[in-house]
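Here's the structure we're looking at; comments come further down.
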Amino acid sequence: MRSTRLPGKVLADICGQPMLAHVITRVLRAKLVNEVLVVTSDEATDKSVFDFCANRKVACFRGSESDVLDRFYQAVKTSPPDAIVRITADCPLIDAKIIDKVIDAYVEGHADYASNTLKPGCPDGLDIEVFSFSSLQVAWREAAKASEREHVTPYIRGSGKFRVLGVESGLCGAASGERWTVDEPEDLEFVRAVYEAFAGRTDFDACAVLDLLNRQPQIRQRQGKAMMNEGYYKSLYEQAVAGAAPPRPIGQSQIWFARSQKVIPGCAQTFSKGFTQHIQGVSPIFLKRGKGCRVWDVDGNEYIDYIQGLLPNILGYANDEVNAAAAAQYAEGHSFSLPHPIEVELAERLTRLIPCAEMVRFGKNGSDATSGAVRAARAFTGRDRVACCGYHGWQDWFIGSTTRNKGVPGAVCALTHSFPYNDLAGLEKTLSKHAGEFAAVIMEPVNFVEPAAGYLEGVKELAKRHGALLIFDEICTGFRFGLGGAQKRYGVTPDLACFGKAMGNGFPVACVLGRADVMREFEEIFFSFTLGGEVASLAAAMKVIDLLEKTDALADMQFNGRCLQDGFNALAGRAGLTDRFACVGQPVWSLLKFRESGGKDGLLERSLFQQETVKRGVLVMTTHNMSATHDRTSIEQTLDIYAAVFKTLAGWLSDPDPARFLEGPMIQPIFRVR
């Protein structure tokens, strides 16, 4: 009854009945539930809950207000049930059929814990957890964190000691961010509107609610806007301990660093993997192995990795099935003297998946693909100039337009013109300045900012009007935004497109694909290299597509990425740092924005953040590059770390000289392209 945001909510009236009465009635419809027990606190304000239960002849137990885990354990320890089904009392739209479904999965899967909250497609407010008494007992005995005691199940889910099972709710058409729980006044009014639409009946299920919301969207618009799991994020922040984390041993990294300085310019093969992008003396410089979402450095330190090799590991490091597919091909040879049938098979598959694809040519990295597309566009149009928006690789035609243009002839630099995103007038101005001279407009269709309504359509129309080809650089968005890429998501088909990174889950493969008449230019232009048809990587790409098609990997990435994004922003808010730190963009590939107090890019803020996260076991730069292996456990561990980091930075950034807390040189940007 002492809910902070909506006091008294559990007994609030909904069509003539207290909310708790509706919850109990709906739970009792579950065929596999044979007893209902209301577990409330022993505070005086909750006597009304006890009295309500007594009047309704419903069993009720009262226990500790602050230690909810103890309250649950004490409630059932004298007569332990086979399984405990936990439903929170602020879920008056709970569905009995889904309760039975989760219980069934728990039993059939021989799980210690099962829940529909671990999978996408569950509206907030249909939360069901099923767990064994033995797992509750272990958690009661061992859970030490305040968040684990307050929220009952985090230790069971995240300790690694129990078999945890995610169960799909099976609700087709559930909108992202559906909010059916009651935390705030707006939530209560939404639920009342739903019950009123059913004339006070309680026998409707979740599918009927979805149908109602689709028929009467004005009811959906009344849903509250509170963040899912906000109470949990609050608990994480409150229990976090501020202060610099102790350093990790990185002696072996330093030894390898010293050796690399003698033989490798820059000590890395990619600028973004170099030592200048991390806090020297604190961060590892060399990694030795990776599995799933985790990596281990040469000193044996373990990290949850949100860099994922700069985005390619969509299924996580060392996916067994992808590796096996590549290994099987390696066993038969992988660089042949003539083409291999798998080149045709993969090309055919891509033409079925990607809207613009009529023909395909393969390369090894993103720069191959974008440069090949630009060369084909120049050959097709007979023009030289290129308009670009975003990052498109290391080769002369693009990199000459950036601050990293040393070594690129001025004549080459002059042929590439950048234009701003979401600004059709800016593109029109660029194209008109050299009318009739542009071969192509190449752009990332989306990165961390959504395209404005009609923007991509407008770009396509402008390119066509000026006689230029439209090229979508989908090296980053390809597969991650769906197997058809961003072009399928937004319904705008370019002339050519470039895919890479996620195609091979770390194996080197990329491609240019598009209109057949343009792609025929590859029969004449020089796009040819010894390892272009290396077939082990093509076999890996085939398996990646298999797994993305037959599993929920993409949906899971979206769901867990949203939890991470929401948690980051909620914790920054708790620390009073929303003006300095924000996580924006798509959940599968979100951007961390670091700002000074005046709003400029904050290299100090970024440096301090990376310093303290890496010492606590999270490897991150400026993006959350989600993989299918970033599960609920790794997300909760990350947010626990972020809570401590934000609480620490809240103090440091209010210091007159926050730079004094740096334990190494400040991170330096490579260049700015977004």
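Starting from 1 in every chain, residues are counted up; chains themselves are A, B, ... following the order of the structure tokens, and ligands are numbered from 1 as listed.
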
Practice item. Find the residues near Ala328 in chain A: any atom within 9 Å, counting only C-alpha atoms, skip ones fewer than 5 places away on the same chain, and give them as a list of chain:residue names. Key: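 In the requested form, the answer reads A:Asn323, A:Ala536, A:Ala539.
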
Check your understanding: Counting only C-alpha atoms, what is within 6 Å of range 183-195 of chain A, bar same-chain residues fewer than 4 positions away, as an NGL selection string?
Key -> :A and (5-6 or 14 or 200 or 222-224)

Give me, as a tab-separated table, the closest atom pair and its distance (Å, one decimal) for every residue of range 39-67 of chain A within a cut-off of 12 Å of range 83-106 of chain A, counting only C-alpha atoms, rows sorted by chain and rising number.
residue	atom	partner	partner_atom	distance
A:Val39	CA	A:Ala89	CA	9.6
A:Thr40	CA	A:Ala89	CA	9.8
A:Val49	CA	A:Ala89	CA	10.9

I want to know what sits within 6 Å of range 386-396 of chain A, based on only C-alpha atoms, with residues of the same chain fewer than 2 positions away left out; could you give that as a tab-separated table (two decimals) with all heavy atoms, in the first residue's frame?
chain	number	residue	atom	x	y	z
A	367	SER	N	35.07	-1.79	-46.68
A	367	SER	CA	35.69	-0.87	-47.64
A	367	SER	C	35.71	-1.45	-49.04
A	367	SER	O	35.57	-0.72	-50.03
A	367	SER	CB	37.11	-0.53	-47.19
A	367	SER	OG	37.10	0.22	-45.99
A	398	PHE	N	36.75	7.94	-50.11
A	398	PHE	CA	36.00	8.44	-48.95
A	398	PHE	C	36.90	9.08	-47.92
A	398	PHE	O	36.64	10.19	-47.45
A	398	PHE	CB	35.20	7.32	-48.28
A	398	PHE	CG	34.66	7.77	-46.93
A	398	PHE	CD1	33.62	8.70	-46.86
A	398	PHE	CD2	35.23	7.33	-45.74
A	398	PHE	CE1	33.17	9.16	-45.63
A	398	PHE	CE2	34.78	7.79	-44.51
A	398	PHE	CZ	33.73	8.70	-44.46
A	399	ILE	N	37.97	8.41	-47.51
A	399	ILE	CA	38.76	8.90	-46.40
A	399	ILE	C	39.39	10.25	-46.72
A	399	ILE	O	39.73	11.03	-45.82
A	399	ILE	CB	39.82	7.85	-45.98
A	399	ILE	CG1	40.08	7.94	-44.47
A	399	ILE	CG2	41.10	8.01	-46.78
A	399	ILE	CD1	38.91	7.54	-43.62
A	400	GLY	N	39.50	10.55	-48.00
A	400	GLY	CA	40.00	11.87	-48.38
A	400	GLY	C	39.08	13.00	-47.96
A	400	GLY	O	39.51	14.16	-47.89
A	408	VAL	N	46.29	11.11	-49.37
A	408	VAL	CA	45.27	11.05	-50.44
A	408	VAL	C	45.46	12.27	-51.34
A	408	VAL	O	45.47	13.41	-50.86
A	408	VAL	CB	43.85	11.04	-49.85
A	408	VAL	CG1	42.82	10.96	-50.98
A	408	VAL	CG2	43.68	9.87	-48.89
A	416	THR	N	34.71	14.02	-53.58
A	416	THR	CA	33.75	13.49	-52.60
A	416	THR	C	33.21	14.64	-51.76
A	416	THR	O	33.97	15.45	-51.23
A	416	THR	CB	34.42	12.45	-51.69
A	416	THR	OG1	34.91	11.38	-52.51
A	416	THR	CG2	33.43	11.88	-50.69
A	417	HIS	N	31.89	14.72	-51.65
A	417	HIS	CA	31.20	15.82	-50.96
A	417	HIS	C	30.27	15.24	-49.90
A	417	HIS	O	29.38	14.45	-50.22
A	417	HIS	CB	30.39	16.65	-51.96
A	417	HIS	CG	31.16	17.10	-53.16
A	417	HIS	ND1	31.67	18.37	-53.29
A	417	HIS	CD2	31.53	16.43	-54.30
A	417	HIS	CE1	32.30	18.47	-54.45
A	417	HIS	NE2	32.24	17.31	-55.07
A	418	SER	N	30.48	15.64	-48.66
A	418	SER	CA	29.60	15.15	-47.59
A	418	SER	C	28.35	16.00	-47.50
A	418	SER	O	28.36	17.19	-47.83
A	418	SER	CB	30.35	15.15	-46.26
A	418	SER	OG	30.74	16.46	-45.91
A	419	PHE	N	27.26	15.39	-47.05
A	419	PHE	CA	26.02	16.13	-46.84
A	419	PHE	C	25.41	15.71	-45.50
A	419	PHE	O	25.66	14.61	-45.01
A	419	PHE	CB	25.03	15.90	-47.99
A	419	PHE	CG	24.55	14.49	-48.17
A	419	PHE	CD1	23.38	14.05	-47.55
A	419	PHE	CD2	25.24	13.59	-48.96
A	419	PHE	CE1	22.92	12.75	-47.72
A	419	PHE	CE2	24.79	12.28	-49.14
A	419	PHE	CZ	23.63	11.86	-48.52
A	438	PHE	N	27.39	14.17	-60.52
A	438	PHE	CA	27.41	13.18	-59.44
A	438	PHE	C	27.06	11.79	-59.96
A	438	PHE	O	26.01	11.58	-60.58
A	438	PHE	CB	26.46	13.57	-58.31
A	438	PHE	CG	27.03	14.61	-57.39
A	438	PHE	CD1	26.84	15.96	-57.63
A	438	PHE	CD2	27.80	14.22	-56.30
A	438	PHE	CE1	27.39	16.91	-56.78
A	438	PHE	CE2	28.35	15.16	-55.45
A	438	PHE	CZ	28.16	16.52	-55.69
A	439	ALA	N	27.93	10.85	-59.65
A	439	ALA	CA	27.69	9.46	-60.02
A	439	ALA	C	26.80	8.77	-59.00
A	439	ALA	O	25.99	7.90	-59.36
A	439	ALA	CB	29.01	8.70	-60.12
A	440	ALA	N	26.96	9.15	-57.74
A	440	ALA	CA	26.26	8.42	-56.70
A	440	ALA	C	26.01	9.27	-55.48
A	440	ALA	O	26.77	10.20	-55.18
A	440	ALA	CB	27.06	7.18	-56.29
A	441	VAL	N	24.93	8.92	-54.78
A	441	VAL	CA	24.68	9.38	-53.41
A	441	VAL	C	24.80	8.13	-52.54
A	441	VAL	O	24.00	7.19	-52.67
A	441	VAL	CB	23.27	9.99	-53.27
A	441	VAL	CG1	22.98	10.29	-51.80
A	441	VAL	CG2	23.15	11.24	-54.12
A	442	ILE	N	25.83	8.07	-51.70
A	442	ILE	CA	26.02	6.92	-50.82
A	442	ILE	C	25.82	7.35	-49.38
A	442	ILE	O	26.32	8.40	-48.96
A	442	ILE	CB	27.42	6.27	-51.02
A	442	ILE	CG1	27.57	5.03	-50.13
A	442	ILE	CG2	28.55	7.26	-50.82
A	442	ILE	CD1	28.81	4.20	-50.42
A	443	MET	N	25.07	6.55	-48.64
A	443	MET	CA	24.73	6.95	-47.27
A	443	MET	C	24.40	5.73	-46.41
A	443	MET	O	23.99	4.68	-46.93
A	443	MET	CB	23.53	7.89	-47.27
A	443	MET	CG	22.25	7.22	-47.76
A	443	MET	SD	20.81	8.34	-47.78
A	443	MET	CE	20.68	8.76	-46.04
A	444	GLU	N	24.61	5.89	-45.12
A	444	GLU	CA	24.05	4.96	-44.17
A	444	GLU	C	22.56	5.31	-44.04
A	444	GLU	O	22.24	6.44	-43.66
A	444	GLU	CB	24.73	5.08	-42.82
A	444	GLU	CG	26.20	4.67	-42.82
A	444	GLU	CD	26.86	4.95	-41.48
A	444	GLU	OE1	27.02	6.13	-41.13
A	444	GLU	OE2	27.22	3.99	-40.79
A	673	VAL	N	32.63	11.62	-37.77
A	673	VAL	CA	31.88	11.44	-39.01
A	673	VAL	C	30.38	11.44	-38.77
A	673	VAL	O	29.60	11.48	-39.70
A	673	VAL	CB	32.26	10.12	-39.72
A	673	VAL	CG1	33.70	10.17	-40.17
A	673	VAL	CG2	32.02	8.92	-38.82

Practice item. Would you mind writing down, as a VMD selection string, each residue of range 288-334 of chain A that DSSP on the backbone assigns to strand (DSSP E or B)? Key: chain A and resid 288 to 292 294 to 297 302 to 305 317

Mind writing the picked residues with N, CA, C and O atoms as an mmCIF file, in the first residue's frame?
data_model
loop_
_atom_site.group_PDB
_atom_site.id
_atom_site.type_symbol
_atom_site.label_atom_id
_atom_site.label_comp_id
_atom_site.auth_asym_id
_atom_site.auth_seq_id
_atom_site.Cartn_x
_atom_site.Cartn_y
_atom_site.Cartn_z
ATOM 1 N N LYS A 288 42.873 -12.326 -25.731
ATOM 2 C CA LYS A 288 43.338 -13.660 -26.100
ATOM 3 C C LYS A 288 42.223 -14.555 -26.625
ATOM 4 O O LYS A 288 42.430 -15.338 -27.553
ATOM 5 N N ARG A 289 41.033 -14.478 -26.038
ATOM 6 C CA ARG A 289 39.950 -15.338 -26.495
ATOM 7 C C ARG A 289 38.601 -14.705 -26.168
ATOM 8 O O ARG A 289 38.500 -13.788 -25.351
ATOM 9 N N GLY A 290 37.572 -15.227 -26.837
ATOM 10 C CA GLY A 290 36.225 -14.749 -26.589
ATOM 11 C C GLY A 290 35.226 -15.873 -26.766
ATOM 12 O O GLY A 290 35.445 -16.807 -27.543
ATOM 13 N N LYS A 291 34.132 -15.789 -26.035
ATOM 14 C CA LYS A 291 33.041 -16.743 -26.164
ATOM 15 C C LYS A 291 31.744 -16.028 -25.813
ATOM 16 O O LYS A 291 31.617 -15.460 -24.730
ATOM 17 N N GLY A 292 30.810 -16.055 -26.745
ATOM 18 C CA GLY A 292 29.544 -15.382 -26.499
ATOM 19 C C GLY A 292 29.734 -13.883 -26.390
ATOM 20 O O GLY A 292 30.323 -13.243 -27.260
ATOM 21 N N ARG A 294 31.459 -12.476 -23.947
ATOM 22 C CA ARG A 294 32.573 -12.232 -23.028
ATOM 23 C C ARG A 294 33.928 -12.466 -23.706
ATOM 24 O O ARG A 294 34.053 -13.304 -24.598
ATOM 25 N N VAL A 295 34.932 -11.715 -23.244
ATOM 26 C CA VAL A 295 36.301 -11.882 -23.725
ATOM 27 C C VAL A 295 37.239 -11.953 -22.530
ATOM 28 O O VAL A 295 36.913 -11.513 -21.424
ATOM 29 N N TRP A 296 38.424 -12.518 -22.791
ATOM 30 C CA TRP A 296 39.470 -12.614 -21.783
ATOM 31 C C TRP A 296 40.751 -12.023 -22.359
ATOM 32 O O TRP A 296 41.125 -12.324 -23.502
ATOM 33 N N ASP A 297 41.399 -11.161 -21.596
ATOM 34 C CA ASP A 297 42.629 -10.552 -22.097
ATOM 35 C C ASP A 297 43.811 -11.480 -21.837
ATOM 36 O O ASP A 297 43.658 -12.577 -21.279
ATOM 37 N N GLU A 302 38.454 -11.215 -17.276
ATOM 38 C CA GLU A 302 37.217 -11.435 -18.038
ATOM 39 C C GLU A 302 36.425 -10.125 -18.147
ATOM 40 O O GLU A 302 36.356 -9.343 -17.195
ATOM 41 N N TYR A 303 35.815 -9.912 -19.316
ATOM 42 C CA TYR A 303 35.022 -8.709 -19.558
ATOM 43 C C TYR A 303 33.732 -9.072 -20.308
ATOM 44 O O TYR A 303 33.734 -9.952 -21.177
ATOM 45 N N ILE A 304 32.655 -8.379 -19.998
ATOM 46 C CA ILE A 304 31.480 -8.382 -20.856
ATOM 47 C C ILE A 304 31.776 -7.387 -21.967
ATOM 48 O O ILE A 304 32.066 -6.220 -21.704
ATOM 49 N N ASP A 305 31.719 -7.848 -23.202
ATOM 50 C CA ASP A 305 32.220 -7.063 -24.333
ATOM 51 C C ASP A 305 31.064 -6.481 -25.143
ATOM 52 O O ASP A 305 30.259 -7.234 -25.715
ATOM 53 N N TYR A 317 30.964 -14.148 -29.883
ATOM 54 C CA TYR A 317 32.241 -14.768 -30.222
ATOM 55 C C TYR A 317 32.103 -16.288 -30.308
ATOM 56 O O TYR A 317 31.385 -16.921 -29.535
#

Which residues come within 12 Å of Leu547 in chain A, counting only C-alpha atoms, excluding same-chain residues fewer than 3 positions away, as a compact mmCIF listing (two decimals) with N, CA and C atoms, in the first residue's frame?
# COMPACT_ATOMS: atom_id res chain seq x y z
N ILE A 314 27.46 -10.78 -34.49
CA ILE A 314 26.03 -10.67 -34.21
C ILE A 314 25.54 -11.84 -33.37
N LEU A 315 26.20 -12.98 -33.48
CA LEU A 315 25.85 -14.17 -32.68
C LEU A 315 26.82 -14.39 -31.54
N ASN A 319 30.74 -18.67 -32.13
CA ASN A 319 29.49 -19.43 -32.21
C ASN A 319 29.80 -20.83 -32.74
N ASP A 320 29.37 -21.84 -32.02
CA ASP A 320 29.75 -23.21 -32.34
C ASP A 320 29.28 -23.63 -33.74
N GLU A 321 28.04 -23.27 -34.08
CA GLU A 321 27.50 -23.72 -35.37
C GLU A 321 28.17 -23.00 -36.54
N VAL A 322 28.43 -21.71 -36.38
CA VAL A 322 29.11 -20.97 -37.44
C VAL A 322 30.53 -21.49 -37.60
N ALA A 325 30.53 -24.81 -39.41
CA ALA A 325 30.27 -24.68 -40.85
C ALA A 325 31.54 -24.25 -41.58
N PHE A 479 21.52 -7.07 -41.62
CA PHE A 479 21.17 -8.19 -40.75
C PHE A 479 20.80 -7.71 -39.35
N LEU A 483 17.03 -9.22 -41.66
CA LEU A 483 17.74 -9.88 -42.75
C LEU A 483 17.64 -9.11 -44.06
N MET A 503 27.51 -10.30 -41.54
CA MET A 503 27.30 -11.40 -42.50
C MET A 503 27.98 -12.69 -42.08
N GLY A 504 29.20 -12.59 -41.55
CA GLY A 504 29.98 -13.80 -41.27
C GLY A 504 30.23 -14.04 -39.80
N ASN A 505 29.62 -13.24 -38.91
CA ASN A 505 29.85 -13.37 -37.47
C ASN A 505 31.35 -13.36 -37.13
N ALA A 540 30.34 -19.67 -43.50
CA ALA A 540 29.95 -19.04 -42.24
C ALA A 540 28.74 -18.14 -42.44
N ALA A 541 28.74 -17.37 -43.53
CA ALA A 541 27.62 -16.47 -43.81
C ALA A 541 26.32 -17.25 -44.02
N MET A 542 26.40 -18.37 -44.71
CA MET A 542 25.21 -19.21 -44.90
C MET A 542 24.66 -19.67 -43.55
N LYS A 543 25.54 -20.06 -42.65
CA LYS A 543 25.09 -20.52 -41.33
C LYS A 543 24.54 -19.37 -40.50
N VAL A 544 25.15 -18.19 -40.60
CA VAL A 544 24.61 -17.03 -39.89
C VAL A 544 23.17 -16.76 -40.32
N LYS A 550 15.99 -19.01 -38.19
CA LYS A 550 15.26 -20.03 -37.42
C LYS A 550 15.26 -19.79 -35.91
N THR A 551 15.94 -18.77 -35.44
CA THR A 551 15.94 -18.47 -34.01
C THR A 551 15.37 -17.08 -33.75
N ASP A 552 15.26 -16.73 -32.48
CA ASP A 552 14.76 -15.41 -32.07
C ASP A 552 15.91 -14.44 -31.81
N ALA A 553 17.06 -14.70 -32.42
CA ALA A 553 18.26 -13.91 -32.10
C ALA A 553 18.02 -12.41 -32.27
N LEU A 554 17.44 -12.00 -33.39
CA LEU A 554 17.26 -10.57 -33.64
C LEU A 554 16.28 -9.95 -32.65
N ALA A 628 23.52 -11.69 -29.98
CA ALA A 628 22.47 -12.58 -29.49
C ALA A 628 22.83 -13.21 -28.16

Check your understanding: Using only C-alpha atoms, which residues sit within 9 Å of Thr633 in chain A once same-chain residues fewer than 5 positions away are excluded, as a ChimeraX atom specification?
Key -> /A:154,157-160,638

Practice item. List the neighbours of range 657-669 of chain A out to 6 Å using only C-alpha atoms; skip same-chain residues closer than 4 positions along the sequence, and give me the result as a VMD selection string. Key: chain A and resid 276 to 281 607 652 to 653

Practice item. Find the residue from A:Pro246, A:Pro341, A:Pro355, A:Gly166 that sits nearest to Gly484 in chain A; use only C-alpha atoms when measuring. Key: A:Pro355

Check your understanding: Which neighbours of Pro123 in chain A fall inside 6 Å, counting only C-alpha atoms, when residues of the same chain fewer than 2 positions from it are skipped, and could you give them as JSON, numbers by chain?
Key -> {"A": [125, 126, 178, 179]}

Those residues with N, CA, C and O atoms, as a compact mmCIF listing (two decimals), in the first residue's frame please?
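So again37.txt came out as:
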# COMPACT_ATOMS: atom_id res chain seq x y z
N GLY A 125 3.37 -6.02 -17.41
CA GLY A 125 2.11 -6.20 -16.71
C GLY A 125 1.56 -7.60 -16.88
O GLY A 125 0.55 -7.96 -16.26
N LEU A 126 2.23 -8.41 -17.70
CA LEU A 126 1.89 -9.83 -17.82
C LEU A 126 3.04 -10.68 -17.28
O LEU A 126 3.25 -11.81 -17.69
N GLU A 178 4.53 -2.04 -24.82
CA GLU A 178 3.18 -2.12 -24.24
C GLU A 178 3.29 -2.08 -22.72
O GLU A 178 4.09 -2.79 -22.11
N ARG A 179 2.46 -1.25 -22.10
CA ARG A 179 2.53 -1.08 -20.65
C ARG A 179 1.16 -1.34 -20.04
O ARG A 179 0.26 -0.51 -20.11

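The interatomic distance for the pair CA of Arg606 in chain A and CA of Asn447 in chain A works out to 19.9 Å.
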
Exercise for review: Find the distance between CA of Lys31 in chain A and CA of Asp70 in chain A and write it in Å to one decimal.
Suggested key: 28.0 Å

Check your understanding: With only C-alpha atoms as the atoms that count, which of A:Phe198, A:Asn625, A:Gln487, A:Ala411 lies nearest to Glu457 in chain A?
Key ->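 For Glu457 in chain A, the nearest of the given residues is A:Gln487.
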
Review point. As a count of residues only, which residues of range 348-530 of chain A does DSSP assign to helix (DSSP H, G or I)?
Key: 69
